[in-house]
file query.txt (compact mmCIF, C-alpha atoms)
# COMPACT_ATOMS: atom_id res chain seq x y z
CA MET M 1 0.00 0.00 0.00
CA THR M 2 1.25 3.46 -0.83
CA LEU M 3 0.13 6.93 0.08
CA GLU M 4 0.59 10.20 -1.75
CA VAL M 5 2.61 13.10 -0.41
CA ARG M 6 4.17 16.15 -2.00
CA VAL M 7 7.93 16.45 -1.78
CA ASN M 8 9.28 19.86 -2.77
CA GLY M 9 6.03 20.52 -4.56
CA THR M 10 6.01 17.29 -6.59
CA PRO M 11 3.53 14.47 -5.88
CA ARG M 12 5.20 11.22 -4.82
CA GLN M 13 4.00 7.75 -3.80
CA VAL M 14 5.50 6.52 -0.55
CA ALA M 15 5.08 3.11 1.13
CA GLU M 16 2.61 3.27 3.99
CA GLY M 17 4.33 3.45 7.36
CA SER M 18 7.55 4.91 5.93
CA THR M 19 9.58 7.15 8.18
CA LEU M 20 11.26 10.33 6.97
CA LEU M 21 14.61 8.57 7.31
CA GLN M 22 13.41 5.82 4.95
CA LEU M 23 12.20 8.46 2.50
CA LEU M 24 15.62 10.14 2.58
CA THR M 25 17.32 6.80 1.88
CA GLU M 26 14.98 6.26 -1.06
CA LEU M 27 15.83 9.74 -2.38
CA ARG M 28 19.55 9.19 -1.71
CA VAL M 29 19.67 12.30 0.49
CA SER M 30 22.08 12.32 3.42
CA PRO M 31 20.22 13.11 6.67
CA GLU M 32 23.21 15.26 7.67
CA ARG M 33 22.71 17.55 4.71
CA VAL M 34 19.02 18.30 4.73
CA VAL M 35 16.47 20.25 6.71
CA ILE M 36 12.92 18.90 6.57
CA GLU M 37 9.73 20.83 6.99
CA GLN M 38 6.62 18.66 7.36
CA ASN M 39 3.45 20.70 6.86
CA ARG M 40 5.37 23.87 7.77
CA GLN M 41 6.80 22.32 10.95
CA ILE M 42 10.58 22.03 11.02
CA LEU M 43 11.79 18.68 12.35
CA ARG M 44 14.93 18.03 14.34
CA ARG M 45 17.33 15.54 12.80
CA GLU M 46 16.72 13.10 15.68
CA GLN M 47 13.05 13.02 14.71
CA PHE M 48 13.66 11.71 11.17
CA ALA M 49 13.80 8.05 12.27
CA GLU M 50 10.65 8.21 14.38
CA THR M 51 8.43 10.43 12.23
CA ARG M 52 6.12 8.64 9.83
CA VAL M 53 5.01 10.12 6.54
CA GLN M 54 1.25 10.74 6.45
CA ALA M 55 -1.01 10.87 3.38
CA GLY M 56 -1.25 14.42 2.06
CA ASP M 57 1.95 15.59 3.79
CA GLU M 58 3.60 18.65 2.32
CA LEU M 59 7.32 17.99 2.72
CA GLU M 60 10.04 20.51 2.01
CA LEU M 61 13.59 19.17 1.80
CA VAL M 62 16.04 22.06 1.74
CA TYR M 63 19.70 22.76 2.33
CA PHE M 64 22.36 25.36 1.69
CA VAL M 65 23.24 26.36 -1.84
CA GLY M 66 25.63 28.99 -3.13
CA GLY M 67 24.39 32.54 -2.71
CA GLY M 68 25.47 36.02 -1.84
CA SER M 69 22.54 38.35 -1.86
CA THR M 70 19.04 37.70 -3.13
CA MET E 71 54.79 50.51 21.03
CA THR E 72 52.66 48.01 19.16
CA MET E 73 52.01 49.02 15.62
CA GLU E 74 48.59 47.40 15.53
CA PRO E 75 46.16 47.27 18.43
CA ASP E 76 44.03 44.18 18.96
CA ASP E 77 41.47 44.77 16.28
CA ALA E 78 39.14 41.81 16.08
CA LEU E 79 35.77 42.18 14.42
CA VAL E 80 33.14 40.94 16.86
CA ILE E 81 29.54 40.41 15.76
CA GLY E 82 26.96 39.16 18.23
CA GLY E 83 29.76 38.18 20.59
CA ARG E 84 31.54 36.05 17.95
CA ARG E 85 35.02 36.87 16.76
CA ILE E 86 35.28 37.11 12.97
CA ALA E 87 38.80 36.48 11.68
CA SER E 88 38.68 38.56 8.48
CA ARG E 89 36.80 41.64 7.42
CA LEU E 90 35.99 40.13 4.06
CA ILE E 91 32.70 38.27 3.85
CA HIS E 92 32.60 36.10 0.75
CA GLY E 93 29.49 35.21 -1.24
CA THR E 94 29.21 31.75 -2.77
CA GLY E 95 26.80 32.38 -5.66
CA ARG E 96 27.40 32.73 -9.41
CA PHE E 97 30.80 30.98 -9.37
CA PRO E 98 31.75 29.01 -12.49
CA SER E 99 32.21 25.82 -10.43
CA ASN E 100 32.64 24.57 -6.88
CA ALA E 101 36.34 24.08 -7.62
CA VAL E 102 36.74 27.77 -8.49
CA LEU E 103 34.73 28.74 -5.41
CA SER E 104 36.92 26.56 -3.18
CA ALA E 105 40.05 28.11 -4.72
CA CYS E 106 38.69 31.61 -4.01
CA LEU E 107 37.94 30.76 -0.38
CA GLU E 108 41.39 29.26 0.00
CA SER E 109 42.95 32.36 -1.52
CA ALA E 110 40.89 34.95 0.41
CA GLN E 111 40.46 33.21 3.79
CA PRO E 112 37.24 35.15 4.40
CA GLY E 113 35.82 35.77 7.86
CA MET E 114 32.40 34.47 6.86
CA ILE E 115 30.74 32.98 3.80
CA THR E 116 27.15 33.55 2.79
CA LEU E 117 24.79 30.80 1.73
CA ALA E 118 21.20 30.58 0.54
CA VAL E 119 18.56 28.00 1.48
CA ARG E 120 16.84 26.17 -1.35
CA ARG E 121 14.93 23.00 -2.13
CA LEU E 122 17.18 20.02 -2.82
CA ASN E 123 17.16 18.90 -6.41
CA LEU E 124 15.72 15.41 -6.03
CA ASP E 125 15.93 14.46 -9.70
CA GLY E 126 19.71 14.31 -9.53
CA ASP E 127 21.73 11.97 -7.36
CA GLY E 128 20.55 13.53 -4.10
CA ARG E 129 23.79 15.43 -3.58
CA SER E 130 23.53 18.96 -2.29
CA GLU E 131 24.89 21.71 -4.49
CA LEU E 132 27.85 22.74 -2.37
CA GLU E 133 29.18 19.24 -1.85
CA GLY E 134 32.93 19.45 -2.23
CA VAL E 135 33.11 22.84 -0.51
CA ASP E 136 34.24 22.31 3.08
CA LEU E 137 31.68 24.40 4.98
CA SER E 138 33.13 23.40 8.35
CA ARG E 139 36.16 25.62 7.74
CA TYR E 140 34.20 28.88 7.68
CA SER E 141 31.77 30.89 9.77
CA LEU E 142 28.50 30.60 7.91
CA LEU E 143 26.17 33.48 7.23
CA PRO E 144 22.98 32.03 5.74
CA ASN E 145 20.70 34.55 4.03
CA THR E 146 16.98 34.80 3.47
CA ALA E 147 17.39 35.47 -0.25
CA GLY E 148 14.22 34.80 -2.15
CA ALA E 149 11.96 36.35 0.48
CA SER E 150 9.77 39.29 -0.40
CA THR E 151 7.83 39.33 2.87
CA ALA E 152 8.89 39.28 6.51
CA GLU E 153 7.09 35.96 6.96
CA ALA E 154 9.02 34.30 4.13
CA ALA E 155 12.31 35.64 5.54
CA VAL E 156 11.51 34.29 9.00
CA ARG E 157 10.66 30.88 7.54
CA LEU E 158 13.95 30.72 5.59
CA ALA E 159 15.89 31.84 8.67
CA ARG E 160 14.39 29.06 10.78
CA LEU E 161 15.19 26.49 8.09
CA ALA E 162 18.76 27.78 7.94
CA ARG E 163 19.22 27.52 11.69
CA ALA E 164 17.76 24.01 11.74
CA ALA E 165 20.77 22.85 9.70
CA GLY E 166 22.63 23.28 12.97
CA LEU E 167 25.63 25.11 11.53
CA SER E 168 25.00 28.77 12.39
CA ASP E 169 22.89 31.17 14.45
CA PHE E 170 23.77 34.06 12.14
CA ILE E 171 21.19 35.21 9.64
CA LYS E 172 21.48 37.80 6.92
CA VAL E 173 17.95 39.14 6.57
CA GLU E 174 16.97 40.02 3.03
CA VAL E 175 13.45 41.04 2.13
CA VAL E 176 13.24 42.22 -1.46
CA GLY E 177 10.93 45.17 -2.01
CA ASP E 178 11.35 45.61 -5.75
CA PRO E 179 12.09 42.82 -8.22
CA ASP E 180 13.98 45.00 -10.73
CA THR E 181 16.45 46.70 -8.42
CA LEU E 182 16.35 43.98 -5.72
CA LEU E 183 16.39 46.82 -3.21
CA PRO E 184 15.17 45.81 0.24
CA ASP E 185 11.70 46.38 1.63
CA PRO E 186 12.18 48.66 4.66
CA GLU E 187 9.10 47.59 6.59
CA GLY E 188 9.50 43.86 5.91
CA THR E 189 13.21 43.99 6.80
CA LEU E 190 12.49 45.72 10.09
CA GLN E 191 9.69 43.31 10.96
CA ALA E 192 11.76 40.20 10.15
CA THR E 193 14.68 41.63 12.14
CA ARG E 194 12.51 42.14 15.23
CA THR E 195 11.04 38.64 15.05
CA LEU E 196 14.40 36.90 14.52
CA VAL E 197 16.15 38.91 17.24
CA ALA E 198 13.39 37.78 19.63
CA GLU E 199 14.07 34.17 18.56
CA GLY E 200 17.75 34.47 19.45
CA PHE E 201 19.30 34.77 16.00
CA ILE E 202 22.33 36.98 15.39
CA VAL E 203 20.63 39.20 12.83
CA MET E 204 22.50 41.06 10.09
CA PRO E 205 19.97 42.78 7.82
CA TYR E 206 20.68 43.87 4.26
CA THR E 207 19.42 47.44 3.92
CA SER E 208 19.53 50.31 1.47
CA ASP E 209 21.86 53.24 2.17
CA ASP E 210 19.07 55.03 4.06
CA VAL E 211 20.57 56.39 7.27
CA VAL E 212 17.42 56.38 9.40
CA GLN E 213 16.47 52.84 8.34
CA ALA E 214 19.94 51.69 9.43
CA ILE E 215 19.39 53.33 12.82
CA ARG E 216 15.97 51.67 13.15
CA LEU E 217 17.48 48.27 12.39
CA PHE E 218 20.08 48.81 15.09
CA GLU E 219 17.32 49.77 17.51
CA ALA E 220 15.45 46.59 16.55
CA GLY E 221 18.42 44.57 17.77
CA ALA E 222 20.45 43.95 14.62
CA ALA E 223 23.95 42.74 15.49
CA ALA E 224 25.30 44.48 12.37
CA VAL E 225 23.71 46.43 9.53
CA MET E 226 24.54 45.81 5.90
CA PRO E 227 23.88 48.78 3.63
CA GLY E 228 24.31 48.27 -0.09
CA ALA E 229 26.84 50.24 -2.13
CA ALA E 230 24.82 49.73 -5.33
CA PRO E 231 22.14 47.28 -6.46
CA ILE E 232 23.07 43.62 -5.96
CA GLY E 233 25.16 42.04 -8.68
CA THR E 234 25.76 45.26 -10.62
CA THR E 235 29.39 45.92 -9.53
CA LEU E 236 28.56 49.64 -9.94
CA GLY E 237 30.61 50.48 -6.88
CA LEU E 238 30.10 53.14 -4.22
CA GLN E 239 27.12 55.21 -5.30
CA ASN E 240 26.48 57.14 -2.09
CA LEU E 241 29.60 57.49 -0.04
CA LEU E 242 28.08 60.23 2.13
CA ASN E 243 25.22 58.01 3.31
CA LEU E 244 27.57 55.12 4.05
CA GLU E 245 29.75 57.46 6.10
CA LEU E 246 26.73 58.80 7.98
CA ILE E 247 25.55 55.25 8.71
CA VAL E 248 29.00 54.36 10.04
CA ARG E 249 28.88 57.42 12.31
CA LYS E 250 25.34 56.91 13.54
CA VAL E 251 25.07 53.14 14.00
CA PRO E 252 26.91 51.69 17.02
CA VAL E 253 27.07 48.10 15.72
CA PRO E 254 29.37 46.97 12.87
CA VAL E 255 28.41 48.37 9.47
CA ILE E 256 29.14 45.97 6.64
CA VAL E 257 28.93 47.28 3.10
CA ASP E 258 27.06 44.68 1.10
CA ALA E 259 26.23 44.49 -2.57
CA GLY E 260 27.37 46.34 -5.64
CA LEU E 261 31.11 46.62 -5.04
CA GLY E 262 33.18 46.17 -8.18
CA VAL E 263 36.87 46.46 -7.40
CA PRO E 264 39.12 46.14 -4.32
CA SER E 265 39.84 49.89 -4.12
CA GLU E 266 36.16 50.41 -3.30
CA ALA E 267 36.37 47.84 -0.51
CA ALA E 268 39.45 49.62 0.85
CA CYS E 269 37.54 52.89 0.71
CA CYS E 270 34.69 51.41 2.79
CA LEU E 271 37.09 50.20 5.45
CA GLU E 272 38.98 53.52 5.44
CA LEU E 273 35.82 55.42 6.27
CA GLY E 274 35.07 53.06 9.14
CA ALA E 275 32.96 50.23 7.75
CA ALA E 276 33.64 47.08 9.77
CA ALA E 277 33.70 44.74 6.77
CA VAL E 278 32.46 44.25 3.23
CA LEU E 279 30.54 41.46 1.56
CA VAL E 280 31.66 40.64 -1.96
CA ASN E 281 30.24 38.07 -4.33
CA THR E 282 29.76 38.96 -8.00
CA ALA E 283 32.94 41.07 -8.24
CA ILE E 284 34.91 37.93 -7.35
CA ALA E 285 32.73 35.28 -9.00
CA ARG E 286 32.67 37.05 -12.36
CA ALA E 287 36.26 38.30 -12.43
CA HIS E 288 38.45 36.82 -15.19
CA ASN E 289 40.57 35.17 -12.50
CA PRO E 290 38.29 34.76 -9.47
CA PRO E 291 40.87 33.38 -6.96
CA LEU E 292 43.26 36.25 -7.74
CA MET E 293 40.46 38.79 -7.33
CA ALA E 294 39.40 37.13 -4.06
CA ARG E 295 42.93 37.61 -2.74
CA ALA E 296 42.98 41.22 -3.95
CA PHE E 297 39.76 41.96 -2.04
CA ALA E 298 41.16 40.32 1.10
CA GLU E 299 44.28 42.50 0.88
CA ALA E 300 42.28 45.66 0.14
CA VAL E 301 40.14 45.08 3.21
CA GLU E 302 43.25 44.73 5.37
CA ALA E 303 44.84 47.84 3.90
CA GLY E 304 41.65 49.85 4.32
CA ARG E 305 41.27 48.79 7.92
CA ARG E 306 44.88 49.65 8.76
CA ALA E 307 44.42 53.05 7.13
CA HIS E 308 41.30 53.64 9.22
CA LEU E 309 43.15 52.76 12.42
CA ALA E 310 46.15 54.86 11.40
CA GLY E 311 44.01 57.96 10.77
CA ARG E 312 44.45 59.99 7.63
CA ALA E 313 46.63 63.11 7.42
CA HIS E 314 44.87 66.47 7.43
CA ILE E 315 43.87 67.95 4.13
CA GLY E 316 45.56 71.30 3.38
CA LEU E 317 45.16 73.54 0.38
CA LYS E 318 48.64 75.04 0.67
CA ALA E 319 51.42 72.89 -0.75
CA VAL E 320 53.98 71.77 1.85
CA ALA E 321 57.32 70.39 0.66
CA SER E 322 58.19 67.01 2.11
CA SER E 323 61.93 67.50 1.44
CA PRO E 324 64.12 69.88 3.52
CA VAL E 325 63.86 73.48 2.33
CA GLN E 326 67.42 74.19 3.55
CA GLY E 327 70.62 72.93 1.98
CA VAL E 328 69.70 72.92 -1.67
CA PRO E 329 73.09 73.12 -3.55
CA ALA E 330 73.54 76.60 -4.92

call {"tool": "encode", "arguments": {"input": "query.txt", "output": "structure tokens"}}
result
Amino acid sequence: MTLEVRVNGTPRQVAEGSTLLQLLTELRVSPERVVIEQNRQILRREQFAETRVQAGDELELVYFVGGGST
Amino acid sequence: MTMEPDDALVIGGRRIASRLIHGTGRFPSNAVLSACLESAQPGMITLAVRRLNLDGDGRSELEGVDLSRYSLLPNTAGASTAEAAVRLARLARAAGLSDFIKVEVVGDPDTLLPDPEGTLQATRTLVAEGFIVMPYTSDDVVQAIRLFEAGAAAVMPGAAPIGTTLGLQNLLNLELIVRKVPVPVIVDAGLGVPSEAACCLELGAAAVLVNTAIARAHNPPLMARAFAEAVEAGRRAHLAGRAHIGLKAVASSPVQGVPA
């Protein structure tokens, strides 16, 4: 069974019961180099392994990129 | 007699090793950026917060650049409201690498000049949340004072619109901001060449932020080094104090003893 979430604005099917850490593994994203916002709530890194993805979640996966001003 | 007094730049209680703050955008490659950082040894580097590109191999854009070697100054670039800036600032802090935030709230998409009200509002909110807030502002003197009053740890007036390399467009206002604002004043945006950075430091600016002038130079690492040296020269000149200006010529060689 899968459920649908949006990751960085794009719809994505995720296995039911998946944790954020499992999602990161699937996306090949290192948990050390990402900040996750789940429905506008920022999660601490320690929460990735215990937080399950819910149907309809809006997930933002962000990190630092090059930039100076605006 | 020591030639140079202890002259550390301190922002929000943190000691910053160099008065050059180095942007990390618009570089031809991460290798060139790394070479520039190596060559300039900047006191801080700026970063933006963006969505990861998940279509690639999951690697973040700056992989290969050793962020742990520098003090990081994340920005809120991309925000055009106080709320958006606050959200980006919280995301940046959640990365766990820095409590500094360079507040940027764009008020006009063509000039990228900052929105005064949004900048002030975001500054107040983030100061209350314990960030070390360094807002990007225009060269408006009173706005700079208001940002200081709102708790900014430094204020960052622009020399010219971002990315233009037009150089110092309003030296008088920058000088007035330096005189009126008790926290470090960091000239941000629009600088083109190292002599302009030296000029900022000479008139008492605490530091400069340079990005495009280095990133788009023909030899970026060499230009990065030149900016680092200009900043040091300008600061030493400021500490040394300039000679008085006189309109009457005064010979520097002895007047006596000229062979007849």

call {"tool": "residues_around", "arguments": {"input": "query.txt", "residues": "E:Ala152", "least_positions_apart": "5", "cutoff": "7 Å", "atoms": "all atoms listed in the file", "output": "list in words"}}
result
Val175, Gly188, Thr189, Gln191 and Ala192 of chain E

call {"tool": "atom_distance", "arguments": {"input": "query.txt", "atom1": "atom CA of E:Ala310", "atom2": "atom CA of E:Ala214"}}
result
26.5 Å

call {"tool": "interface_residues", "arguments": {"input": "query.txt", "of": "chain E", "to": "chain M", "cutoff": "6 Å", "atoms": "only C-alpha atoms", "output": "PyMOL selection string"}}
result
chain E and resi 93-95+116-122+128+131-132+147-148+165+281

call {"tool": "residues_around", "arguments": {"input": "query.txt", "residues": "E:Leu190", "least_positions_apart": "4", "cutoff": "8 Å", "atoms": "only C-alpha atoms", "output": "number ranges by chain"}}
result
E: 186, 194, 216-217, 220

call {"tool": "residues_around", "arguments": {"input": "query.txt", "residues": "M:Gly17", "least_positions_apart": "5", "cutoff": "10 Å", "atoms": "only C-alpha atoms", "output": "list in words"}}
result
Met1, Thr2, Leu3, Gln22, Thr51, Arg52, Val53, Gln54 and Ala55 of chain M

call {"tool": "write_last_selection", "arguments": {"input": "query.txt", "atoms": "C-alpha atoms", "output": "compact mmCIF listing (two decimals), keeping the file's coordinate frame"}}
result
# COMPACT_ATOMS: atom_id res chain seq x y z
CA MET M 1 0.00 0.00 0.00
CA THR M 2 1.25 3.46 -0.83
CA LEU M 3 0.13 6.93 0.08
CA GLN M 22 13.41 5.82 4.95
CA THR M 51 8.43 10.43 12.23
CA ARG M 52 6.12 8.64 9.83
CA VAL M 53 5.01 10.12 6.54
CA GLN M 54 1.25 10.74 6.45
CA ALA M 55 -1.01 10.87 3.38

call {"tool": "atom_distance", "arguments": {"input": "query.txt", "atom1": "atom CA of E:Arg157", "atom2": "atom CA of M:Ala15"}}
result
29.0 Å

call {"tool": "atom_distance", "arguments": {"input": "query.txt", "atom1": "atom CA of E:Val197", "atom2": "atom CA of E:Leu142"}}
result
17.6 Å

call {"tool": "residues_around", "arguments": {"input": "query.txt", "residues": "stretch 286-303 of chain E", "least_positions_apart": "3", "cutoff": "6 Å", "atoms": "only C-alpha atoms", "output": "ChimeraX atom specification"}}
result
/E:90,105-106,109-110,264,267-268,282-283,306

call {"tool": "closest_residue", "arguments": {"input": "query.txt", "among": "E:Asp76, E:Asp209, E:Glu272, E:Asp185", "to": "E:Ala259", "atoms": "all atoms listed in the file"}}
result
E:Asp209

call {"tool": "closest_residue", "arguments": {"input": "query.txt", "among": "E:Ala223, E:Ile256, E:Ala164, E:Asp169", "to": "E:Thr207", "atoms": "all atoms listed in the file"}}
result
E:Ile256

call {"tool": "closest_residue", "arguments": {"input": "query.txt", "among": "M:Pro11, M:Glu16, M:Pro31, M:Val5", "to": "M:Ala49", "atoms": "all atoms listed in the file"}}
result
M:Pro31

call {"tool": "residues_near_point", "arguments": {"input": "query.txt", "point": "(20.5, 46.3, -1.5)", "cutoff": "6 Å", "atoms": "all atoms listed in the file", "output": "short mmCIF file (atom, residue, chain, number, x, y, z; two decimals) with C-alpha atoms, keeping the file's coordinate frame"}}
result
data_model
loop_
_atom_site.label_atom_id
_atom_site.label_comp_id
_atom_site.auth_asym_id
_atom_site.auth_seq_id
_atom_site.Cartn_x
_atom_site.Cartn_y
_atom_site.Cartn_z
CA LEU E 183 16.39 46.82 -3.21
CA PRO E 184 15.17 45.81 0.24
CA THR E 207 19.42 47.44 3.92
CA SER E 208 19.53 50.31 1.47
CA GLY E 228 24.31 48.27 -0.09
CA PRO E 231 22.14 47.28 -6.46
CA ILE E 232 23.07 43.62 -5.96
#

call {"tool": "residues_around", "arguments": {"input": "query.txt", "residues": "E:Arg249", "least_positions_apart": "3", "cutoff": "12 Å", "atoms": "all atoms listed in the file", "output": "list in words"}}
result
Val211, Val212, Ala214, Ile215, Leu242, Asn243, Leu244, Glu245, Leu246, Pro252, Val253, Pro254, Val255, Leu273, Gly274, Ala275 and Ala276 of chain E

call {"tool": "write_last_selection", "arguments": {"input": "query.txt", "atoms": "C-alpha atoms", "output": "compact mmCIF listing (two decimals), keeping the file's coordinate frame"}}
result
# COMPACT_ATOMS: atom_id res chain seq x y z
CA VAL E 211 20.57 56.39 7.27
CA VAL E 212 17.42 56.38 9.40
CA ALA E 214 19.94 51.69 9.43
CA ILE E 215 19.39 53.33 12.82
CA LEU E 242 28.08 60.23 2.13
CA ASN E 243 25.22 58.01 3.31
CA LEU E 244 27.57 55.12 4.05
CA GLU E 245 29.75 57.46 6.10
CA LEU E 246 26.73 58.80 7.98
CA PRO E 252 26.91 51.69 17.02
CA VAL E 253 27.07 48.10 15.72
CA PRO E 254 29.37 46.97 12.87
CA VAL E 255 28.41 48.37 9.47
CA LEU E 273 35.82 55.42 6.27
CA GLY E 274 35.07 53.06 9.14
CA ALA E 275 32.96 50.23 7.75
CA ALA E 276 33.64 47.08 9.77
